[in-house]
$ cat structure.cif   # mmCIF, C-alpha atoms
data_final
#
loop_
_atom_site.label_atom_id
_atom_site.label_comp_id
_atom_site.auth_asym_id
_atom_site.auth_seq_id
_atom_site.Cartn_x
_atom_site.Cartn_y
_atom_site.Cartn_z
CA MET A 2 86.32 -28.62 106.63
CA SER A 3 87.91 -30.15 103.57
CA TYR A 4 84.37 -30.57 102.25
CA ILE A 5 84.21 -26.84 101.66
CA TYR A 6 87.29 -26.84 99.41
CA ARG A 7 86.08 -29.67 97.30
CA GLN A 8 82.95 -27.67 96.79
CA THR A 9 84.55 -24.38 95.98
CA MET A 10 88.17 -24.72 94.94
CA GLN A 11 88.91 -26.23 91.56
CA ILE A 12 92.47 -26.85 90.51
CA ILE A 13 93.49 -28.70 87.42
CA ILE A 14 97.12 -29.43 86.76
CA SER A 15 98.28 -30.16 83.26
CA ASN A 16 101.48 -32.06 82.77
CA ALA A 17 101.46 -31.08 79.14
CA SER A 18 101.43 -27.37 79.88
CA PRO A 19 104.76 -25.57 79.51
CA ASP A 20 103.90 -23.50 82.60
CA PRO A 21 105.42 -24.63 85.89
CA ILE A 22 103.02 -26.37 88.23
CA TYR A 23 103.23 -23.67 90.89
CA GLU A 24 102.18 -21.10 88.33
CA GLN A 25 99.23 -23.19 87.20
CA ILE A 26 98.01 -23.56 90.77
CA ALA A 27 98.60 -19.91 91.68
CA ARG A 28 96.82 -18.66 88.58
CA GLN A 29 93.75 -20.79 89.20
CA MET A 30 93.54 -19.84 92.85
CA LYS A 31 93.90 -16.14 92.07
CA ARG A 32 91.18 -16.40 89.48
CA GLN A 33 88.81 -18.03 91.90
CA ILE A 34 89.53 -15.40 94.50
CA ILE A 35 89.00 -12.62 91.99
CA ASP A 36 85.73 -13.97 90.63
CA GLY A 37 84.43 -14.70 94.11
CA ALA A 38 84.33 -18.51 93.96
CA LEU A 39 86.66 -18.35 96.96
CA PRO A 40 85.04 -15.66 99.10
CA GLU A 41 86.73 -13.37 101.56
CA GLY A 42 87.62 -15.17 104.78
CA ALA A 43 87.26 -18.66 103.29
CA PRO A 44 89.67 -21.07 104.97
CA LEU A 45 92.24 -22.67 102.70
CA PRO A 46 93.83 -26.09 103.15
CA SER A 47 97.26 -26.21 104.75
CA ILE A 48 100.29 -26.25 102.49
CA ARG A 49 100.84 -29.93 103.25
CA ARG A 50 97.19 -30.89 102.83
CA LEU A 51 97.01 -29.18 99.44
CA ALA A 52 100.26 -30.84 98.34
CA LYS A 53 98.84 -34.24 99.19
CA ASP A 54 95.49 -33.59 97.53
CA LEU A 55 97.07 -32.32 94.33
CA GLU A 56 99.86 -34.91 94.44
CA VAL A 57 102.52 -32.25 94.15
CA SER A 58 105.47 -31.51 96.37
CA VAL A 59 105.21 -29.42 99.51
CA ILE A 60 107.76 -26.97 98.19
CA THR A 61 105.45 -26.25 95.26
CA THR A 62 102.37 -25.45 97.33
CA LYS A 63 104.55 -23.50 99.76
CA ARG A 64 105.67 -21.32 96.91
CA VAL A 65 102.08 -20.84 95.73
CA TYR A 66 100.99 -19.63 99.16
CA GLU A 67 104.01 -17.37 99.49
CA GLU A 68 103.20 -15.74 96.20
CA LEU A 69 99.49 -15.35 96.93
CA GLU A 70 100.30 -13.86 100.30
CA LYS A 71 102.83 -11.45 98.85
CA ASP A 72 100.26 -10.29 96.31
CA GLY A 73 97.65 -9.77 99.02
CA PHE A 74 95.26 -12.55 98.03
CA ILE A 75 95.55 -14.61 101.20
CA ASP A 76 96.51 -14.13 104.83
CA ALA A 77 98.39 -16.64 106.93
CA VAL A 78 97.24 -16.42 110.53
CA ALA A 79 99.76 -18.02 112.88
CA GLY A 80 98.28 -21.04 114.61
CA LYS A 81 94.97 -20.77 112.77
CA GLY A 82 95.63 -21.38 109.13
CA THR A 83 95.40 -19.56 105.86
CA PHE A 84 92.40 -17.56 104.68
CA VAL A 85 91.29 -15.63 101.66
CA ALA A 86 92.23 -12.04 102.45
CA ALA A 87 89.79 -9.19 102.79
CA ARG A 88 89.93 -7.10 99.66
CA SER A 89 88.55 -3.74 98.70
CA GLU A 90 86.43 -3.36 95.59
CA GLU A 91 89.28 -1.33 94.20
CA PHE A 92 91.76 -4.18 94.64
CA LEU A 93 89.38 -6.64 93.01
CA HIS A 94 88.74 -4.36 90.09
CA GLU A 95 92.46 -3.81 89.64
CA MET A 96 93.05 -7.58 89.62
CA LYS A 97 90.29 -8.14 87.10
CA ARG A 98 91.82 -5.48 84.89
CA LYS A 99 95.17 -7.21 85.23
CA LEU A 100 93.73 -10.53 84.08
CA VAL A 101 92.30 -8.97 80.93
CA GLU A 102 95.44 -6.93 80.40
CA GLU A 103 97.56 -10.06 80.36
CA THR A 104 95.61 -11.62 77.52
CA LEU A 105 95.50 -8.32 75.65
CA ALA A 106 99.25 -7.97 75.98
CA ASP A 107 99.65 -11.26 74.11
CA ALA A 108 97.31 -10.05 71.40
CA VAL A 109 99.15 -6.76 71.06
CA MET A 110 102.50 -8.52 70.85
CA ASN A 111 101.17 -10.78 68.12
CA ALA A 112 99.71 -7.84 66.21
CA ARG A 113 103.03 -5.97 66.38
CA MET A 114 104.97 -9.00 65.21
CA LEU A 115 102.59 -9.59 62.33
CA GLY A 116 102.44 -5.91 61.38
CA ILE A 117 98.79 -5.24 62.10
CA PRO A 118 98.20 -1.57 62.93
CA ALA A 119 96.63 -0.48 66.22
CA GLU A 120 93.47 0.86 64.57
CA GLU A 121 92.72 -2.55 63.11
CA VAL A 122 93.23 -4.19 66.49
CA HIS A 123 90.88 -1.68 68.12
CA GLU A 124 88.33 -2.47 65.45
CA MET A 125 88.74 -6.21 66.07
CA ILE A 126 88.14 -5.77 69.76
CA ARG A 127 85.06 -3.64 69.08
CA LEU A 128 83.64 -6.27 66.73
CA LEU A 129 84.38 -9.13 69.10
CA TRP A 130 82.81 -7.19 71.93
CA GLU A 131 79.58 -6.67 69.99
CA ASP A 132 79.55 -10.26 68.70
CA GLU A 133 79.57 -11.97 72.05
CA PRO A 134 76.15 -12.48 73.56
CA MET B 30 118.90 -24.20 115.63
CA ASN B 31 119.85 -26.53 112.84
CA ASP B 32 116.83 -27.57 110.85
CA ASN B 33 118.21 -30.16 108.52
CA ALA B 34 117.15 -33.77 108.76
CA ILE B 35 120.32 -34.80 106.95
CA GLU B 36 123.45 -32.76 106.41
CA ILE B 37 126.31 -34.29 104.47
CA GLN B 38 129.66 -32.59 103.93
CA GLY B 39 132.56 -33.81 101.82
CA LEU B 40 131.54 -37.44 102.09
CA GLY B 41 133.93 -39.92 100.49
CA LYS B 42 134.06 -43.68 100.27
CA ARG B 43 136.20 -45.87 98.11
CA PHE B 44 135.88 -49.54 97.43
CA GLY B 45 137.46 -51.34 94.54
CA ASP B 46 137.09 -49.30 91.41
CA PHE B 47 134.12 -47.35 92.74
CA ALA B 48 134.56 -44.11 94.63
CA LEU B 49 132.08 -41.72 96.15
CA LYS B 50 133.76 -38.34 95.90
CA ASP B 51 133.17 -35.20 97.93
CA VAL B 52 129.43 -35.60 98.29
CA SER B 53 127.68 -32.70 100.03
CA PHE B 54 123.98 -31.96 100.34
CA SER B 55 121.36 -31.30 102.95
CA LEU B 56 117.75 -32.25 103.33
CA PRO B 57 115.71 -29.70 105.30
CA ARG B 58 113.34 -31.12 107.87
CA GLY B 59 109.80 -31.62 106.59
CA TYR B 60 110.65 -32.30 102.97
CA VAL B 61 111.23 -35.09 100.47
CA MET B 62 114.51 -35.44 98.66
CA GLY B 63 114.84 -37.65 95.63
CA LEU B 64 118.24 -39.15 95.08
CA ILE B 65 118.44 -39.99 91.41
CA GLY B 66 121.07 -41.36 89.10
CA PRO B 67 121.82 -44.35 86.93
CA ASN B 68 122.56 -47.77 88.36
CA GLY B 69 125.92 -47.79 90.08
CA ALA B 70 125.94 -44.03 90.68
CA GLY B 71 126.36 -44.48 94.44
CA LYS B 72 122.79 -44.01 95.71
CA THR B 73 122.78 -47.13 97.85
CA THR B 74 126.26 -46.33 99.18
CA ILE B 75 125.02 -42.96 100.44
CA ALA B 76 121.98 -44.55 102.07
CA LYS B 77 124.17 -47.12 103.80
CA LEU B 78 126.65 -44.49 104.93
CA VAL B 79 123.86 -42.47 106.52
CA MET B 80 122.71 -45.59 108.34
CA ASN B 81 126.35 -46.27 109.31
CA LEU B 82 126.14 -49.75 107.83
CA ILE B 83 129.45 -49.08 106.14
CA ARG B 84 132.27 -46.88 107.35
CA ARG B 85 132.95 -43.61 105.59
CA ASP B 86 136.47 -42.64 104.53
CA THR B 87 136.07 -38.89 104.70
CA GLY B 88 133.52 -36.20 105.46
CA THR B 89 130.72 -35.75 107.96
CA ILE B 90 127.13 -36.89 108.16
CA ARG B 91 124.77 -35.27 110.59
CA VAL B 92 121.25 -36.58 111.12
CA PHE B 93 118.93 -34.25 113.08
CA GLY B 94 122.09 -32.24 113.82
CA LYS B 95 123.94 -35.18 115.38
CA ASP B 96 126.89 -37.14 114.08
CA ASN B 97 125.44 -40.35 112.74
CA VAL B 98 128.30 -42.48 114.12
CA ALA B 99 128.65 -40.90 117.55
CA ALA B 100 124.87 -40.91 118.11
CA GLU B 101 124.24 -44.07 116.15
CA VAL B 102 121.66 -45.71 118.41
CA GLU B 103 119.57 -42.59 118.81
CA VAL B 104 119.78 -41.71 115.13
CA ARG B 105 118.85 -45.19 113.93
CA ALA B 106 115.81 -45.40 116.19
CA ARG B 107 114.41 -42.33 114.43
CA ILE B 108 114.98 -43.64 110.90
CA GLY B 109 112.74 -45.94 108.91
CA PHE B 110 114.91 -47.68 106.37
CA VAL B 111 114.06 -49.76 103.33
CA TYR B 112 117.04 -51.53 101.91
CA ASP B 113 117.66 -52.04 98.25
CA GLU B 114 118.22 -55.72 98.95
CA PRO B 115 115.95 -57.61 101.29
CA CYS B 116 117.52 -58.41 104.63
CA PHE B 117 114.86 -60.46 106.37
CA TYR B 118 114.60 -63.96 107.75
CA ASP B 119 113.43 -66.35 105.08
CA ASP B 120 111.46 -68.49 107.48
CA ALA B 121 109.78 -65.70 109.44
CA ASN B 122 106.54 -63.98 108.53
CA LEU B 123 105.49 -60.35 108.89
CA GLU B 124 104.11 -60.82 112.40
CA GLN B 125 107.32 -62.43 113.57
CA HIS B 126 109.46 -59.74 112.00
CA ALA B 127 107.32 -57.06 113.60
CA ARG B 128 107.68 -58.71 117.00
CA ALA B 129 111.45 -58.91 116.56
CA ILE B 130 112.03 -55.29 115.61
CA ALA B 131 109.33 -53.56 117.66
CA PRO B 132 111.46 -53.41 120.86
CA LEU B 133 114.19 -51.57 118.94
CA TYR B 134 111.89 -48.64 118.25
CA PRO B 135 110.35 -46.51 120.99
CA GLY B 136 107.83 -45.23 118.47
CA TRP B 137 106.59 -48.63 117.31
CA LYS B 138 102.84 -48.75 116.72
CA GLN B 139 101.42 -52.23 116.32
CA SER B 140 98.04 -50.93 115.17
CA ARG B 141 99.68 -48.92 112.42
CA CYS B 142 101.69 -51.95 111.32
CA GLU B 143 98.52 -54.01 111.04
CA ARG B 144 96.66 -51.26 109.22
CA LEU B 145 99.47 -50.83 106.68
CA ALA B 146 99.82 -54.58 106.13
CA ASP B 147 96.13 -54.65 105.39
CA ARG B 148 96.28 -51.62 103.10
CA PHE B 149 99.27 -52.97 101.18
CA GLY B 150 97.84 -56.48 101.14
CA VAL B 151 100.81 -58.13 102.85
CA PRO B 152 99.77 -61.50 104.32
CA PRO B 153 100.80 -61.40 108.01
CA ARG B 154 101.43 -65.11 108.37
CA LYS B 155 103.20 -66.07 105.19
CA LYS B 156 106.90 -66.86 105.40
CA PHE B 157 109.15 -64.23 103.87
CA LYS B 158 110.66 -66.66 101.37
CA ALA B 159 107.19 -67.58 100.08
CA LEU B 160 106.35 -63.96 99.18
CA SER B 161 106.63 -62.56 95.67
CA HIS B 162 109.27 -59.95 94.94
CA GLY B 163 106.77 -57.11 95.14
CA MET B 164 105.30 -58.44 98.35
CA LYS B 165 108.75 -58.62 99.95
CA ARG B 166 109.27 -54.93 99.21
CA LYS B 167 105.87 -54.13 100.62
CA LEU B 168 106.71 -56.02 103.80
CA ALA B 169 109.88 -53.93 104.14
CA LEU B 170 107.83 -50.76 103.66
CA VAL B 171 105.25 -51.79 106.24
CA LEU B 172 107.98 -52.29 108.84
CA ALA B 173 109.76 -49.05 107.93
CA LEU B 174 106.55 -47.02 108.18
CA SER B 175 105.31 -48.50 111.46
CA HIS B 176 107.50 -46.83 114.05
CA ASP B 177 106.65 -43.20 113.49
CA ALA B 178 110.14 -42.48 112.16
CA ASP B 179 111.18 -38.86 111.78
CA LEU B 180 113.22 -39.71 108.72
CA LEU B 181 112.48 -42.31 106.09
CA ILE B 182 115.35 -43.53 103.95
CA LEU B 183 113.93 -45.52 101.10
CA ASP B 184 116.45 -47.11 98.80
CA GLU B 185 114.74 -48.04 95.54
CA PRO B 186 111.49 -48.76 97.39
CA THR B 187 109.45 -48.96 94.21
CA SER B 188 111.63 -51.17 92.05
CA GLY B 189 109.64 -54.18 90.89
CA LEU B 190 106.34 -52.69 92.01
CA ASP B 191 103.45 -51.95 89.70
CA PRO B 192 102.24 -48.39 89.05
CA LEU B 193 99.11 -48.84 91.17
CA PHE B 194 101.09 -49.73 94.23
CA ARG B 195 103.70 -47.03 93.56
CA ARG B 196 100.87 -44.51 93.57
CA ASP B 197 99.59 -45.89 96.85
CA LEU B 198 103.04 -45.66 98.36
CA LEU B 199 103.43 -42.02 97.32
CA ASP B 200 100.05 -41.35 98.86
CA CYS B 201 101.25 -42.99 102.04
CA LEU B 202 104.35 -40.79 102.06
CA ALA B 203 102.16 -37.72 101.61
CA ASP B 204 100.24 -38.85 104.71
CA VAL B 205 103.47 -39.09 106.67
CA LEU B 206 104.44 -35.63 105.48
CA GLN B 207 101.30 -34.03 106.88
CA ASP B 208 103.48 -33.79 109.97
CA GLU B 209 106.00 -31.09 109.18
CA GLY B 210 108.66 -32.74 111.31
CA LYS B 211 108.98 -35.74 109.00
CA SER B 212 111.44 -36.05 106.14
CA VAL B 213 112.07 -38.56 103.39
CA LEU B 214 115.17 -39.47 101.40
CA PHE B 215 114.00 -41.48 98.43
CA SER B 216 116.50 -43.03 96.05
CA THR B 217 115.29 -44.36 92.76
CA HIS B 218 115.95 -44.63 89.10
CA ILE B 219 112.20 -44.60 88.40
CA VAL B 220 112.25 -40.84 88.34
CA SER B 221 108.60 -40.41 87.40
CA ASP B 222 107.79 -41.34 91.01
CA LEU B 223 109.64 -38.25 92.15
CA GLU B 224 108.42 -35.87 89.50
CA ARG B 225 105.57 -34.63 91.63
CA VAL B 226 106.34 -35.61 95.18
CA ALA B 227 109.98 -34.58 95.67
CA ASP B 228 110.83 -31.15 97.03
CA TYR B 229 114.55 -31.51 96.41
CA VAL B 230 116.39 -33.50 93.81
CA THR B 231 119.98 -34.64 94.14
CA PHE B 232 121.50 -36.13 91.06
CA LEU B 233 124.38 -38.52 91.44
CA ASN B 234 126.52 -39.93 88.66
CA GLN B 235 129.65 -42.03 88.96
CA GLY B 236 129.99 -41.30 92.64
CA GLN B 237 129.71 -37.55 92.29
CA ILE B 238 126.93 -35.04 92.73
CA LEU B 239 125.98 -33.27 89.54
CA PHE B 240 123.44 -31.07 91.30
CA SER B 241 121.32 -30.84 94.42
CA LEU B 242 118.50 -28.36 93.94
CA ASP B 243 114.96 -27.69 95.00
CA LYS B 244 112.44 -28.66 92.39
CA GLU B 245 111.08 -25.16 91.92
CA GLU B 246 114.53 -24.04 90.82
CA LEU B 247 114.58 -26.91 88.32
CA ALA B 248 111.08 -26.12 87.08
CA GLU B 249 111.81 -22.44 86.68
CA ASN B 250 115.24 -22.35 85.14
CA TRP B 251 115.88 -25.69 83.52
CA ALA B 252 114.45 -26.56 80.14
CA ILE B 253 115.08 -28.42 76.95
CA ILE B 254 115.47 -26.40 73.81
CA LYS B 255 115.00 -28.11 70.51
CA GLY B 256 116.01 -26.90 67.11
CA ASP B 257 118.88 -26.87 64.68
CA GLU B 258 122.55 -26.17 65.46
CA SER B 259 121.73 -22.52 66.21
CA VAL B 260 120.15 -23.45 69.54
CA VAL B 261 123.51 -24.74 70.70
CA ALA B 262 125.01 -21.31 70.14
CA ALA B 263 122.07 -19.63 71.84
CA VAL B 264 122.70 -21.44 75.11
CA GLU B 265 125.84 -20.12 76.66
CA GLU B 266 128.35 -22.76 77.50
CA CYS B 267 128.17 -22.14 81.23
CA ASP B 268 124.40 -22.77 81.16
CA ARG B 269 124.58 -25.92 79.08
CA ARG B 270 123.96 -29.09 81.01
CA GLY B 271 123.60 -31.59 78.20
CA ILE B 272 123.29 -32.01 74.46
CA ARG B 273 121.74 -34.70 72.36
CA LYS B 274 122.24 -34.60 68.64
CA SER B 275 120.42 -36.59 66.05
CA ARG B 276 120.48 -36.49 62.30
CA TYR B 277 117.48 -34.17 62.27
CA GLY B 278 118.08 -31.77 65.08
CA VAL B 279 119.60 -30.90 68.41
CA GLU B 280 118.31 -30.87 71.95
CA VAL B 281 120.07 -28.76 74.54
CA LEU B 282 119.46 -28.92 78.26
CA THR B 283 119.89 -25.49 79.84
CA CYS B 284 119.83 -24.37 83.46
CA ASN B 285 119.13 -20.77 82.49
CA VAL B 286 116.14 -20.80 80.22
CA GLY B 287 115.53 -17.07 80.69
CA SER B 288 118.71 -15.99 78.96
CA ALA B 289 118.27 -18.59 76.21
CA ARG B 290 114.73 -17.32 75.52
CA LYS B 291 116.00 -13.78 75.04
CA LEU B 292 118.56 -14.91 72.48
CA LEU B 293 116.27 -17.27 70.64
CA GLY B 294 113.09 -15.28 70.20
CA ALA B 295 109.74 -16.88 69.53
CA ASP B 296 110.81 -19.62 67.13
CA ALA B 297 112.61 -21.97 69.45
CA VAL B 298 110.82 -24.95 70.91
CA VAL B 299 111.30 -24.74 74.65
CA GLU B 300 109.97 -27.59 76.73
CA ARG B 301 109.84 -28.27 80.41
CA ALA B 302 112.59 -30.74 81.22
CA SER B 303 111.36 -33.82 83.05
CA LEU B 304 113.67 -35.46 85.56
CA GLU B 305 114.08 -38.26 83.09
CA ASP B 306 115.16 -35.85 80.36
CA ILE B 307 117.60 -34.27 82.75
CA MET B 308 119.02 -37.61 83.79
CA VAL B 309 119.41 -38.89 80.25
CA LEU B 310 120.90 -35.72 78.81
CA MET B 311 123.31 -35.14 81.66
CA THR B 312 124.65 -38.66 81.79
CA GLN B 313 125.07 -38.82 78.04
CA GLN B 314 127.30 -35.82 78.19
CA GLU B 315 129.23 -37.28 81.07
CA ASP B 316 129.80 -40.45 79.12
CA ARG B 317 131.13 -38.56 76.17
CA HIS B 318 133.62 -36.76 78.40
CA ALA B 319 134.68 -40.01 79.91
CA ALA B 320 135.17 -41.72 76.56
#
$ encode --input "structure.cif" --output "structure tokens"
Amino acid sequence: MSYIYRQTMQIIISNASPDPIYEQIARQMKRQIIDGALPEGAPLPSIRRLAKDLEVSVITTKRVYEELEKDGFIDAVAGKGTFVAARSEEFLHEMKRKLVEETLADAVMNARMLGIPAEEVHEMIRLLWEDEP
Amino acid sequence: MNDNAIEIQGLGKRFGDFALKDVSFSLPRGYVMGLIGPNGAGKTTIAKLVMNLIRRDTGTIRVFGKDNVAAEVEVRARIGFVYDEPCFYDDANLEQHARAIAPLYPGWKQSRCERLADRFGVPPRKKFKALSHGMKRKLALVLALSHDADLLILDEPTSGLDPLFRRDLLDCLADVLQDEGKSVLFSTHIVSDLERVADYVTFLNQGQILFSLDKEELAENWAIIKGDESVVAAVEECDRRGIRKSRYGVEVLTCNVGSARKLLGADAVVERASLEDIMVLMTQQEDRHAA
């Protein structure tokens, strides 16, 4: 069973990152659920198994699972384990929007701080959009 | 139902000029607690008190919900203990030690003992006194891990061991912890060993507890802020846990990084505080108060 995770779930923890480890793990798992790398119904390792594999403490992976469950990404089934939750297209789309929104929020904050007007930012986004293949 | 592996309340012990004062903490079942602090902070004293190797002056210690003195035999059989100082027979080898202690533990597993000895590379037939320092510690670990203990108390288990073996040991502990009934109390001053694996951290200095917190709380709210004198003002006094000043700048350890961030804006350098940072900054401040 653990073979499946090694194939599909990728988690990289950076000690240099200012973000707490639980956040790094949660973000990467959410991303992989949103983009479909972890499909609906896929079994996830137990909290203790994941802690061992990532060499982090149990309390950290416990918190990750609690957060993912609260946000509707995974379901804990008593006695069976934890699985990627069933999600509607609407939910997925909303989550994808949220991911993009987060990075845009940073950009907007920077623009505000540096005094760049909204129109210019819109123009930048338009240009970037057309640039990318 | 009480679900703490260890529960300590108001523990006190005095000998000579050292005193353990009003120590209270609990370790929930299924987790790892790191007991950190400088040499002489009282880590070994706590470990010995839990094992009832020395008599406490005040307070209570409950292990699996039972008084550790009243239920001493039962409690000890469920604990795997690695002492800070070796306490083995010089002229006996691993096999002989195993044979001597196996009857004391209902959960003893000879096959596990042999597997661990092999994994750790401990020669089964070499006399204890002929082993290197590191090998002696490994022998102690093999014995402590071989009786399916519900609680491991490891007092400086990694001192004198190289990073490769320390890694292997942590991996071994993670294996033990796959069973959610198992708990570990791990005392060390090599705090990097605990950085990842500990769920709770209890910091002891000069016989007193400075904090006992889960690591997520530490990761979320504690940080080091670097800058000029203004960062000192930005961290409210009640949130300040340590200061280090140099000619070129100031570092402040805060336990409420959220409020400091609001006051400081985007310019401040805020870094995650490692356990080592925390230990150094907090004891420096203590020393200054003491002086």
$ closest_atom_pairs --input "structure.cif" --of "chain A" --to "chain B" --cutoff "6 Å" --atoms "only C-alpha atoms" --output "CSV"
residue,atom,partner,partner_atom,distance
A:Pro19,CA,B:Arg301,CA,5.8
A:Pro21,CA,B:Ala248,CA,6.0
A:Arg49,CA,B:Gln207,CA,5.5
A:Lys53,CA,B:Ala203,CA,5.4
A:Val57,CA,B:Arg225,CA,4.6
A:Ser58,CA,B:Val226,CA,4.4
A:Ile60,CA,B:Asp228,CA,5.3
$ residues_around --input "structure.cif" --residues "Leu198 of chain B" --least-positions-apart "3" --cutoff "10 Å" --atoms "all atoms listed in the file" --output "ChimeraX atom specification"
/B:149,167,170,186-187,192-195,201-204,222
$ resolve_selection --input "structure.cif" --expression "the PyMOL selection byres ((chain A and resi 12) around 8)" --output "ChimeraX atom specification"
/A:10-11,13-14,26,29-30
$ residues_around --input "structure.cif" --residues "segment 282-285 of chain B" --least-positions-apart "4" --cutoff "6 Å" --atoms "all atoms listed in the file" --output "PDB file with C-alpha atoms, in the coordinates of the input"
ATOM      1  CA  ASN B 250     115.240 -22.350  85.140  1.00  0.00           C
ATOM      2  CA  TRP B 251     115.880 -25.690  83.520  1.00  0.00           C
ATOM      3  CA  ALA B 252     114.450 -26.560  80.140  1.00  0.00           C
ATOM      4  CA  ILE B 253     115.080 -28.420  76.950  1.00  0.00           C
ATOM      5  CA  ASP B 268     124.400 -22.770  81.160  1.00  0.00           C
ATOM      6  CA  ARG B 269     124.580 -25.920  79.080  1.00  0.00           C
ATOM      7  CA  ARG B 270     123.960 -29.090  81.010  1.00  0.00           C
ATOM      8  CA  GLY B 271     123.600 -31.590  78.200  1.00  0.00           C
TER       9      GLY B 271
END
$ residues_around --input "structure.cif" --residues "segment 66-79 of chain A" --least-positions-apart "2" --cutoff "12 Å" --atoms "all atoms listed in the file" --output "VMD selection string"
chain A and resid 23 to 24 26 to 35 37 39 to 49 51 to 52 59 to 64 81 to 89 92 to 93 96
$ atom_distance --input "structure.cif" --atom1 "atom CA of Ala99 of chain B" --atom2 "atom CA of Leu49 of chain B"
21.7 Å
$ atom_distance --input "structure.cif" --atom1 "atom CA of Glu121 of chain A" --atom2 "atom CA of Leu105 of chain A"
14.1 Å
$ atom_distance --input "structure.cif" --atom1 "atom CA of Ile254 of chain B" --atom2 "atom CA of Leu55 of chain A"
28.2 Å
